[in-house]
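Structure first, commentary second.
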Amino acid sequence: MKEPTTPSVLLKWSGCTDRGKVRPNNEDAFLALRFSGTEVLRLRKTGEASTAETDFAFAVSDGMGGALAGEYASRIAVDKITTMLPRSFKLSASGFIADYDDILTELFSEVHKALVYLGTSYEECHGMEATLTLCWFSPGWLHFAHIGDSRLYYLPAKGDQIKQLSHDDTHVGWLYRQGKINEREARSHPRRNVLQKALGGGNQFVDPQLGAVGYERGDMFLLCTDGLVDGLYDHHVVDILRDPESHKPDANPAQRLVKEAIEKSGRDNTTALIIEVR
């Protein structure tokens, strides 16, 4: 991990979600949140703000289940964040909790419990599950937690190599990480969407991937659901994010990513949430 070089920076974010060409409804959800020990503010799809006095959280979730269960599952996952993170922040500031990993693990556990409860209590929610990828920006550091096959990418200020920080909770994802298959083979594998872990459903244990990375001005982070990956290779993502058009004041790079992904595939709901450090 590189050492953070600035105590506070500006974060510029943009988010976009689309149901795609095939699915009748959108089971994806995303969240942008600004919070401290005294206030919490759910943010618009685009914006810019300083990390000087508040922390920020960004998340994407892909819901699964019959009827509208998947849609409810992803909404529940992101809504839980708006209540739990500010509460944990306040406790941490008071000296009761100091470990980001503990806070994020508890958050994922609470989302899991809520989905399991609803799934076993209401027939229309039976089998509801959700992926969840969350990043928490404090001054100088991004802490993240993840479960499922939504993704968190990191594009450093210097260079054009994008890095996937999250691990896909699939056997295909494991094969790719081990170097047994390449990106093209992973994208076309017939079992690429078969999850080994998710929140809710019949999953007994919640064991999210946890991590942290120092950031500096010029870095970019991308959270996305698997619909985006289905349409775009990693180098396509980099090309769009590095395009000067993406940095114009009225540009929304998240919309550009989603539009390109749907044009190339569109078989699934597609969501992108981009955070630029300035």
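Going by the structure tokens order, chains are called A, B, ..., each with residues numbered from 1, while ligands are numbered from 1 in the order shown.
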
Could you make a table, as a Markdown table, of the residues of region 132-201 of chain A that have an atom within 8 Å of an atom of region 99-116 of chain A, each with its nearest atom pair and distance in Å to one decimal, counting only C-alpha atoms, in chain and number order?
```
| residue | atom | partner | partner_atom | distance |
| --- | --- | --- | --- | --- |
| A:His143 | CA | A:Tyr100 | CA | 7.1 |
| A:Phe144 | CA | A:Leu104 | CA | 7.9 |
| A:Ala145 | CA | A:Leu104 | CA | 6.4 |
| A:Leu199 | CA | A:His112 | CA | 4.8 |
| A:Gly200 | CA | A:Leu115 | CA | 4.7 |
| A:Gly201 | CA | A:Val116 | CA | 5.9 |
```

Dump as a short mmCIF file (atom, residue, chain, number, x, y, z; two decimals), in the first residue's frame, selection limited to N, CA and C atoms:
```
data_model
loop_
_atom_site.label_atom_id
_atom_site.label_comp_id
_atom_site.auth_asym_id
_atom_site.auth_seq_id
_atom_site.Cartn_x
_atom_site.Cartn_y
_atom_site.Cartn_z
N HIS A 143 -11.16 2.24 2.66
CA HIS A 143 -11.40 0.91 3.24
C HIS A 143 -12.56 0.29 2.48
N PHE A 144 -12.45 -0.99 2.17
CA PHE A 144 -13.52 -1.61 1.40
C PHE A 144 -13.91 -2.97 1.94
N ALA A 145 -15.14 -3.34 1.63
CA ALA A 145 -15.66 -4.67 1.96
C ALA A 145 -16.47 -5.15 0.77
N LEU A 199 -25.06 -12.29 0.13
CA LEU A 199 -25.81 -11.95 1.35
C LEU A 199 -27.23 -12.46 1.20
N GLY A 200 -27.78 -13.02 2.28
CA GLY A 200 -29.14 -13.53 2.25
C GLY A 200 -29.22 -14.94 1.70
N GLY A 201 -30.43 -15.33 1.25
CA GLY A 201 -30.62 -16.65 0.67
C GLY A 201 -30.31 -17.76 1.65
#
```

Neighbour list for Val22 (chain A) as a ChimeraX atom specification, cut-off 12 Å, only C-alpha atoms, skip fewer than 2 positions in-chain: /A:18-20,24-26,227,262,265-270

Those same residues - C-alpha atoms - I'd like them written as a tab-separated table (two decimals), in the first residue's frame.
```
chain	number	residue	atom	x	y	z
A	18	ASP	CA	-29.77	0.84	-16.36
A	19	ARG	CA	-31.88	-2.30	-16.64
A	20	GLY	CA	-30.29	-3.18	-19.99
A	24	PRO	CA	-37.85	-6.45	-17.29
A	25	ASN	CA	-36.76	-4.64	-14.11
A	26	ASN	CA	-33.57	-3.28	-12.56
A	227	GLY	CA	-23.50	-6.26	-16.24
A	262	ILE	CA	-25.18	-1.95	-22.91
A	265	SER	CA	-24.05	-6.57	-24.44
A	266	GLY	CA	-27.04	-5.35	-22.40
A	267	ARG	CA	-28.03	-8.84	-21.25
A	268	ASP	CA	-28.03	-7.80	-17.60
A	269	ASN	CA	-28.73	-4.79	-15.41
A	270	THR	CA	-25.70	-2.51	-15.57
```

Alpha helix (DSSP H) residues, from DSSP on the backbone, in region 41-271 of chain A, as a ChimeraX atom specification: /A:69-93,100-121,171-177,183-188,226-231,234-242,253-264

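Pairwise distance (CA of Ala198 (chain A), CA of Val238 (chain A)) equals 27.8 Å.
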
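When only C-alpha atoms are used to compute distances to Lys45 (chain A), the closest of the residues A:Leu195, A:Ala32, A:Ala77, A:Val60 turns out to be A:Ala32.
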
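One finds CA of Thr133 (chain A) at 11.7 Å from CA of Asp169 (chain A).
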
Contacts of Gly159 (chain A) within 12 Å, only C-alpha atoms, excl. fewer than 5 positions in-chain, as a list in words: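 The contact residues come out as Tyr154, Gly218, Asp219, Met220, Val238, Asp239 and Arg242 of chain A.
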
Those same residues - C-alpha atoms - I'd like them written as a tab-separated table (two decimals), in the first residue's frame.
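To be explicit, this is the file written out as out.tsv:
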```
chain	number	residue	atom	x	y	z
A	154	TYR	CA	-8.56	1.00	-8.79
A	218	GLY	CA	-5.50	11.72	-9.70
A	219	ASP	CA	-6.55	8.24	-8.57
A	220	MET	CA	-9.88	6.82	-9.72
A	238	VAL	CA	-9.49	2.46	-18.96
A	239	ASP	CA	-9.91	4.02	-22.41
A	242	ARG	CA	-8.78	8.29	-19.49
```

Shell of 9 Å around Gln164 (chain A), only C-alpha atoms, local chain residues under 6 positions omitted, as number ranges by chain: A: 151-155

Resulting file, chosen residues, C-alpha atoms, as a PDB file, in the first residue's frame:
```pdb
ATOM      1  CA  ARG A 151     -16.520  -5.253  -8.437  1.00  0.00           C
ATOM      2  CA  LEU A 152     -14.233  -2.520  -7.114  1.00  0.00           C
ATOM      3  CA  TYR A 153     -11.489  -1.319  -9.467  1.00  0.00           C
ATOM      4  CA  TYR A 154      -8.558   1.002  -8.790  1.00  0.00           C
ATOM      5  CA  LEU A 155      -6.960   3.121 -11.522  1.00  0.00           C
TER       6      LEU A 155
END
```

From A:Ala52, A:Ile81, A:Val172, A:Leu31, residue lying nearest Ser188 (chain A) [only C-alpha atoms]: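 So, comparing all the options, the nearest one is A:Val172.
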
All strand (DSSP E or B) residues (DSSP, backbone) inside region 4-246 of chain A, as an MDAnalysis selection string: chainID A and resid 10:18 28:35 40:42 46:50 55:64 129:130 132:138 141:147 151:155 163:164 170 195 199:200 209:214 220:224

Point-to-point distance in Å for CA of Arg217 (chain A) and CA of Val237 (chain A):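 Computing it gives 19.5 Å between the two atoms.
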
Who sits within 12 Å of Ala69 (chain A), only C-alpha atoms, same chain under 4 positions skipped, as a ChimeraX atom specification: /A:25-28,62-65,73-76,115-116,118-120,122-130,200-201

Next, write the just-selected residues to a file, as a PDB file, in the first residue's frame, keeping N, CA and C atoms as the atom set.
```
ATOM      1  N   ASN A  25     -36.912  -5.616 -15.180  1.00  0.00           N
ATOM      2  CA  ASN A  25     -36.758  -4.638 -14.110  1.00  0.00           C
ATOM      3  C   ASN A  25     -35.292  -4.549 -13.718  1.00  0.00           C
ATOM      4  N   ASN A  26     -34.953  -3.514 -12.959  1.00  0.00           N
ATOM      5  CA  ASN A  26     -33.574  -3.278 -12.558  1.00  0.00           C
ATOM      6  C   ASN A  26     -33.363  -3.739 -11.125  1.00  0.00           C
ATOM      7  N   GLU A  27     -32.544  -4.773 -10.951  1.00  0.00           N
ATOM      8  CA  GLU A  27     -32.263  -5.317  -9.623  1.00  0.00           C
ATOM      9  C   GLU A  27     -30.956  -4.781  -9.045  1.00  0.00           C
ATOM     10  N   ASP A  28     -30.355  -3.814  -9.735  1.00  0.00           N
ATOM     11  CA  ASP A  28     -29.149  -3.154  -9.225  1.00  0.00           C
ATOM     12  C   ASP A  28     -29.540  -1.938  -8.381  1.00  0.00           C
ATOM     13  N   ASP A  62     -26.168  -5.891  -6.371  1.00  0.00           N
ATOM     14  CA  ASP A  62     -26.922  -6.594  -7.409  1.00  0.00           C
ATOM     15  C   ASP A  62     -27.814  -7.606  -6.705  1.00  0.00           C
ATOM     16  N   GLY A  63     -29.121  -7.409  -6.802  1.00  0.00           N
ATOM     17  CA  GLY A  63     -30.057  -8.282  -6.119  1.00  0.00           C
ATOM     18  C   GLY A  63     -30.461  -9.481  -6.959  1.00  0.00           C
ATOM     19  N   MET A  64     -30.862 -10.544  -6.272  1.00  0.00           N
ATOM     20  CA  MET A  64     -31.298 -11.773  -6.933  1.00  0.00           C
ATOM     21  C   MET A  64     -32.501 -12.334  -6.203  1.00  0.00           C
ATOM     22  N   GLY A  65     -33.367 -13.012  -6.944  1.00  0.00           N
ATOM     23  CA  GLY A  65     -34.542 -13.637  -6.345  1.00  0.00           C
ATOM     24  C   GLY A  65     -35.731 -13.552  -7.271  1.00  0.00           C
ATOM     25  N   ALA A  73     -33.893  -6.734  -2.469  1.00  0.00           N
ATOM     26  CA  ALA A  73     -32.655  -7.140  -1.805  1.00  0.00           C
ATOM     27  C   ALA A  73     -31.562  -6.093  -1.973  1.00  0.00           C
ATOM     28  N   SER A  74     -31.373  -5.604  -3.186  1.00  0.00           N
ATOM     29  CA  SER A  74     -30.311  -4.616  -3.415  1.00  0.00           C
ATOM     30  C   SER A  74     -30.623  -3.299  -2.716  1.00  0.00           C
ATOM     31  N   ARG A  75     -31.890  -2.922  -2.672  1.00  0.00           N
ATOM     32  CA  ARG A  75     -32.262  -1.677  -1.980  1.00  0.00           C
ATOM     33  C   ARG A  75     -32.028  -1.792  -0.483  1.00  0.00           C
ATOM     34  N   ILE A  76     -32.377  -2.935   0.078  1.00  0.00           N
ATOM     35  CA  ILE A  76     -32.159  -3.159   1.511  1.00  0.00           C
ATOM     36  C   ILE A  76     -30.665  -3.083   1.821  1.00  0.00           C
ATOM     37  N   LEU A 115     -31.893  -9.732   5.107  1.00  0.00           N
ATOM     38  CA  LEU A 115     -32.333 -10.433   3.906  1.00  0.00           C
ATOM     39  C   LEU A 115     -32.830 -11.838   4.233  1.00  0.00           C
ATOM     40  N   VAL A 116     -32.136 -12.511   5.139  1.00  0.00           N
ATOM     41  CA  VAL A 116     -32.573 -13.860   5.540  1.00  0.00           C
ATOM     42  C   VAL A 116     -33.935 -13.793   6.223  1.00  0.00           C
ATOM     43  N   LEU A 118     -36.363 -11.519   5.918  1.00  0.00           N
ATOM     44  CA  LEU A 118     -37.426 -11.243   4.950  1.00  0.00           C
ATOM     45  C   LEU A 118     -37.657 -12.436   4.032  1.00  0.00           C
ATOM     46  N   GLY A 119     -36.585 -13.112   3.649  1.00  0.00           N
ATOM     47  CA  GLY A 119     -36.702 -14.246   2.745  1.00  0.00           C
ATOM     48  C   GLY A 119     -37.436 -15.420   3.346  1.00  0.00           C
ATOM     49  N   THR A 120     -37.347 -15.566   4.670  1.00  0.00           N
ATOM     50  CA  THR A 120     -38.044 -16.667   5.340  1.00  0.00           C
ATOM     51  C   THR A 120     -39.410 -16.256   5.884  1.00  0.00           C
ATOM     52  N   TYR A 122     -41.615 -13.893   4.189  1.00  0.00           N
ATOM     53  CA  TYR A 122     -42.577 -13.524   3.155  1.00  0.00           C
ATOM     54  C   TYR A 122     -42.314 -14.325   1.884  1.00  0.00           C
ATOM     55  N   GLU A 123     -43.368 -14.931   1.368  1.00  0.00           N
ATOM     56  CA  GLU A 123     -43.236 -15.785   0.198  1.00  0.00           C
ATOM     57  C   GLU A 123     -42.651 -15.031  -0.998  1.00  0.00           C
ATOM     58  N   GLU A 124     -43.083 -13.773  -1.173  1.00  0.00           N
ATOM     59  CA  GLU A 124     -42.611 -13.012  -2.319  1.00  0.00           C
ATOM     60  C   GLU A 124     -41.125 -12.642  -2.207  1.00  0.00           C
ATOM     61  N   CYS A 125     -40.557 -12.816  -1.010  1.00  0.00           N
ATOM     62  CA  CYS A 125     -39.137 -12.517  -0.810  1.00  0.00           C
ATOM     63  C   CYS A 125     -38.287 -13.781  -0.696  1.00  0.00           C
ATOM     64  N   HIS A 126     -38.893 -14.918  -0.926  1.00  0.00           N
ATOM     65  CA  HIS A 126     -38.183 -16.191  -0.755  1.00  0.00           C
ATOM     66  C   HIS A 126     -36.944 -16.253  -1.660  1.00  0.00           C
ATOM     67  N   GLY A 127     -35.816 -16.600  -1.063  1.00  0.00           N
ATOM     68  CA  GLY A 127     -34.584 -16.762  -1.815  1.00  0.00           C
ATOM     69  C   GLY A 127     -33.859 -15.474  -2.168  1.00  0.00           C
ATOM     70  N   MET A 128     -34.301 -14.349  -1.620  1.00  0.00           N
ATOM     71  CA  MET A 128     -33.647 -13.081  -1.974  1.00  0.00           C
ATOM     72  C   MET A 128     -32.186 -13.073  -1.530  1.00  0.00           C
ATOM     73  N   GLU A 129     -31.333 -12.606  -2.421  1.00  0.00           N
ATOM     74  CA  GLU A 129     -29.903 -12.493  -2.157  1.00  0.00           C
ATOM     75  C   GLU A 129     -29.392 -11.189  -2.763  1.00  0.00           C
ATOM     76  N   ALA A 130     -28.199 -10.811  -2.359  1.00  0.00           N
ATOM     77  CA  ALA A 130     -27.605  -9.606  -2.938  1.00  0.00           C
ATOM     78  C   ALA A 130     -26.092  -9.673  -2.852  1.00  0.00           C
ATOM     79  N   GLY A 200     -27.785 -13.019   2.283  1.00  0.00           N
ATOM     80  CA  GLY A 200     -29.142 -13.535   2.247  1.00  0.00           C
ATOM     81  C   GLY A 200     -29.218 -14.942   1.698  1.00  0.00           C
ATOM     82  N   GLY A 201     -30.427 -15.333   1.249  1.00  0.00           N
ATOM     83  CA  GLY A 201     -30.623 -16.654   0.669  1.00  0.00           C
ATOM     84  C   GLY A 201     -30.306 -17.765   1.650  1.00  0.00           C
TER      85      GLY A 201
END
```

Shell around Pro249 (chain A) at 12 Å using only C-alpha atoms, local window under 6 positions removed, as a short mmCIF file (atom, residue, chain, number, x, y, z; two decimals) with N, CA and C atoms, in the first residue's frame:
```cif
data_model
loop_
_atom_site.label_atom_id
_atom_site.label_comp_id
_atom_site.auth_asym_id
_atom_site.auth_seq_id
_atom_site.Cartn_x
_atom_site.Cartn_y
_atom_site.Cartn_z
N LYS A 12 -14.84 13.59 -6.51
CA LYS A 12 -15.85 13.84 -7.52
C LYS A 12 -16.42 12.50 -7.93
N TRP A 13 -17.74 12.35 -7.88
CA TRP A 13 -18.34 11.06 -8.17
C TRP A 13 -19.44 11.20 -9.23
N SER A 14 -19.69 10.10 -9.91
CA SER A 14 -20.81 10.02 -10.84
C SER A 14 -21.30 8.58 -10.86
N THR A 46 -24.41 12.62 -9.05
CA THR A 46 -23.14 13.26 -9.37
C THR A 46 -22.86 14.35 -8.35
N GLY A 47 -21.59 14.63 -8.12
CA GLY A 47 -21.26 15.69 -7.18
C GLY A 47 -19.78 15.74 -6.89
N GLU A 48 -19.41 16.70 -6.04
CA GLU A 48 -18.02 16.89 -5.64
C GLU A 48 -18.00 17.48 -4.24
#
```

Contacts of Glu39 (chain A) within 12 Å, only C-alpha atoms, excl. fewer than 5 positions in-chain, as number ranges by chain: A: 33-34, 53-56, 82-83, 85-87, 89-90

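If you measure from each of A:Leu68, A:Ser61, A:Asp250, A:Arg44 to Arg23 (chain A) using only C-alpha atoms, the closest one turns out to be A:Leu68.
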